[in-house]
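Step one of this worksheet: look at the structure below.
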Amino acid sequence: MKPLIAGSLLALLATQAQAATIAMEDQSQIPTPSASAHAEYFKPPAESELPDNAYGKLVRDGYALFVDTKRLAPQFVGNGLNCSNCHLDQGRLANSAPLWGAYPMYPAYRKKNDKVNTFAERLQGCFQFSMNGGQPPAADSREITALSVYAYWLASKAPLGVELPGRGYPEVAQPAKGYDLKQGAVVYQAQCSVCHGPQGQGQKVGADYVMPPLWGKDSYNWGAGMHRINTAASFIKHNMPLGKGGSLSDQQAWDVAAYVNSHERPQDPRLVEGSIEKTRIKFHANDGVNLYGQTVDGVLIGQGIR
């Protein structure tokens with residue numbers, strides 16, 4: 001049986017000389033919590049359980065797309081991200097929006113588009129917003145099918161319709177004093193810049209990102225869920241710095257999330273009549289805590305990057 005990690009990806013990771021440039025998907029070099037710490041979390045199936053047939057092959061195809069999305073589906077990815085940049089440990093890690101926690105909860109109503117979404121539609125949204133991919137793959141496309149089958153396999157032993165512990169990014173309540181952009185800059189430079197760069201630009205080996213950009217033209221766009229400060233704070237608190245999740249205080253997580261999301265990124269593809277104000281009113285005013293359409297230090301946030 002062939003290993004899940006694609007040979008091309010292993011070759012890319014092998015070129016890294018510094019710990020700071022370990023790819024998100026290469027979890028083997030990241031310190032892991034003790035078994036007892038995660039004893040309460042659902043355990044997805046092991047690779048050894050995959051059958052050596054057409055189903056197993058499609059699971060592997062979905063895995064490959066998940067960890068190497070930019071290279072394998074470039075027509076649907078408009079930035080420098082892979083699915084595994086936000087869903088760590090190949091979509092397995094608890095408290096990092098694991099696929100085993102998401103798949104059993106669909107179909108589901110989503111306030112974001114005010115409709116009941118299938119899992120395929122949820123994936124399409126990821127391509128449109130988080131991957132800044134413009135027109136997403138069709139629901140019956142090879143890409144959506146493979147990713148859906150991979151998610152199904154990870155969730156194949158999970159109960160249907162049950163919100164399992166570790167699903168999503170567990171909420172971190174906003175601190176009493178709110179967030180502080182200046183303190184966020186301090187936390188960023190001390191804790192994040194070694195991997196993501198002093199200007200949020202990420203890190204590359206050749207043309208490929210091995211650490212994702214957090215703002216700028218190659219990051220998630222203004223329509224992505226991660227642009228919400230509360231969502232980013234929850235992800236950061238539980239998962240960052242990489243391999244040291246839980247080491248930042250709630251205040252630090254909120255401060256650095258606000259700092260990251262005070263920087264420009266690609267425009268929300270739902271832009272209403274070319275107006276940031278109208279887009280904020282329709283899509284952002286009641287969408288968690290975010291800076292889209294607000295003025296910070298005299299600068300209107302949300303103008304986008306072309």
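How things are named: the first chain in the structure tokens is A, the next is B, and so on; residues count from 1 in each chain; ligands count from 1 in the order shown.
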
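Selecting strand (DSSP E or B) from the backbone DSSP output for stretch 39-213 of chain A yields A:Ala108, A:Tyr109, A:Arg110, A:Lys115, A:Val116, A:Asn117, A:Gln203, A:Lys204, A:Val205, A:Asp208, A:Tyr209, A:Val210, A:Met211.
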
Could those selected residues go to a file with C-alpha atoms, as a PDB file, in the first residue's frame?
ATOM      1  CA  ALA A 108     -26.857  22.082   7.564  1.00  0.00           C
ATOM      2  CA  TYR A 109     -28.224  25.593   7.479  1.00  0.00           C
ATOM      3  CA  ARG A 110     -25.536  28.269   7.195  1.00  0.00           C
ATOM      4  CA  LYS A 115     -29.586  28.279   2.945  1.00  0.00           C
ATOM      5  CA  VAL A 116     -29.205  24.624   3.772  1.00  0.00           C
ATOM      6  CA  ASN A 117     -25.798  23.548   2.469  1.00  0.00           C
ATOM      7  CA  GLN A 203       7.654  31.346   3.413  1.00  0.00           C
ATOM      8  CA  LYS A 204       8.398  29.698   0.093  1.00  0.00           C
ATOM      9  CA  VAL A 205      10.696  27.062  -1.280  1.00  0.00           C
ATOM     10  CA  ASP A 208       5.645  26.824  -3.323  1.00  0.00           C
ATOM     11  CA  TYR A 209       4.569  28.130   0.055  1.00  0.00           C
ATOM     12  CA  VAL A 210       5.635  25.964   2.977  1.00  0.00           C
ATOM     13  CA  MET A 211       4.259  28.423   5.527  1.00  0.00           C
TER      14      MET A 211
END

In stretch 2-219 of chain A, DSSP alpha helix (DSSP H) residues written as a PyMOL selection string: chain A and resi 7-14+54-67+69-72+88-91+99-102+119-125+142-154+181-187+193-196

Contacts of A:Trp153 within 9 Å, only C-alpha atoms, excl. fewer than 2 positions in-chain, as a list in words: Pro44, Pro45, Leu50, Val59, Trp100, Ser148, Val149, Tyr150, Ala151, Ala155, Ser156 and Lys157 of chain A

Skip A:Val77 itself and residues of its chain fewer than 4 positions away, then list as a PyMOL selection string all residues within 6 Å of it, counting only C-alpha atoms. chain A and resi 70+131+133

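Nearest-residue note for A:Ile229: choosing from A:Leu214, A:Gln189, A:Leu291, A:Arg265, the minimum distance belongs to A:Leu291, counting only C-alpha atoms.
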
Spatial neighbours of A:Arg228, max dist 10 Å, only C-alpha atoms, sep filter under 3 positions, as a list of chain:residue names: A:Trp222, A:Gly223, A:Ala224, A:Gly225, A:Thr231, A:Ala232, A:Ala233, A:Ala257, A:Ala258, A:Asn261, A:His284, A:Asp287, A:Gly288, A:Val289, A:Asn290, A:Leu291, A:Tyr292

Next, write the just-selected residues to a file, as an mmCIF file, in the first residue's frame, keeping N, CA and C atoms as the atom set.
data_model
loop_
_atom_site.group_PDB
_atom_site.id
_atom_site.type_symbol
_atom_site.label_atom_id
_atom_site.label_comp_id
_atom_site.auth_asym_id
_atom_site.auth_seq_id
_atom_site.Cartn_x
_atom_site.Cartn_y
_atom_site.Cartn_z
ATOM 1 N N TRP A 222 -11.445 38.578 1.952
ATOM 2 C CA TRP A 222 -12.271 39.220 2.979
ATOM 3 C C TRP A 222 -13.598 38.503 3.202
ATOM 4 N N GLY A 223 -13.907 37.506 2.404
ATOM 5 C CA GLY A 223 -15.126 36.736 2.628
ATOM 6 C C GLY A 223 -14.898 35.468 3.423
ATOM 7 N N ALA A 224 -13.647 35.101 3.656
ATOM 8 C CA ALA A 224 -13.321 33.861 4.364
ATOM 9 C C ALA A 224 -13.662 33.967 5.848
ATOM 10 N N GLY A 225 -14.045 32.860 6.433
ATOM 11 C CA GLY A 225 -14.379 32.856 7.845
ATOM 12 C C GLY A 225 -13.235 33.308 8.730
ATOM 13 N N THR A 231 -13.009 34.143 15.065
ATOM 14 C CA THR A 231 -12.651 32.843 14.488
ATOM 15 C C THR A 231 -11.147 32.650 14.468
ATOM 16 N N ALA A 232 -10.422 33.667 14.011
ATOM 17 C CA ALA A 232 -8.964 33.570 13.974
ATOM 18 C C ALA A 232 -8.389 33.408 15.374
ATOM 19 N N ALA A 233 -8.957 34.109 16.352
ATOM 20 C CA ALA A 233 -8.470 33.994 17.733
ATOM 21 C C ALA A 233 -8.650 32.576 18.250
ATOM 22 N N ALA A 257 -4.844 38.018 16.491
ATOM 23 C CA ALA A 257 -5.848 37.793 15.447
ATOM 24 C C ALA A 257 -6.317 39.124 14.858
ATOM 25 N N ALA A 258 -6.529 40.104 15.726
ATOM 26 C CA ALA A 258 -6.951 41.429 15.250
ATOM 27 C C ALA A 258 -5.843 42.081 14.432
ATOM 28 N N ASN A 261 -5.742 40.459 11.007
ATOM 29 C CA ASN A 261 -6.918 40.808 10.204
ATOM 30 C C ASN A 261 -7.162 42.303 10.087
ATOM 31 N N HIS A 284 -21.130 41.717 6.531
ATOM 32 C CA HIS A 284 -20.145 41.760 7.608
ATOM 33 C C HIS A 284 -20.634 42.376 8.911
ATOM 34 N N ASP A 287 -21.511 39.599 11.198
ATOM 35 C CA ASP A 287 -20.701 38.396 10.987
ATOM 36 C C ASP A 287 -19.535 38.373 11.976
ATOM 37 N N GLY A 288 -19.845 38.107 13.231
ATOM 38 C CA GLY A 288 -18.798 38.050 14.240
ATOM 39 C C GLY A 288 -18.120 39.395 14.427
ATOM 40 N N VAL A 289 -16.873 39.338 14.910
ATOM 41 C CA VAL A 289 -16.071 40.545 15.127
ATOM 42 C C VAL A 289 -15.100 40.664 13.965
ATOM 43 N N ASN A 290 -15.208 41.742 13.195
ATOM 44 C CA ASN A 290 -14.318 41.898 12.051
ATOM 45 C C ASN A 290 -14.110 43.378 11.761
ATOM 46 N N LEU A 291 -13.099 43.671 10.962
ATOM 47 C CA LEU A 291 -12.721 45.053 10.668
ATOM 48 C C LEU A 291 -13.105 45.484 9.259
ATOM 49 N N TYR A 292 -13.733 44.608 8.495
ATOM 50 C CA TYR A 292 -14.096 44.959 7.128
ATOM 51 C C TYR A 292 -15.012 46.179 7.121
#

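Each of A:Thr69, A:Gln303, A:Gln183, A:Asn53 was compared to A:Gly274 using only C-alpha atoms, and A:Gln303 turns out to be the nearest.
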
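For the pair atom CA of A:Glu171 and atom CA of A:Ala94, the interatomic distance is 13.2 Å.
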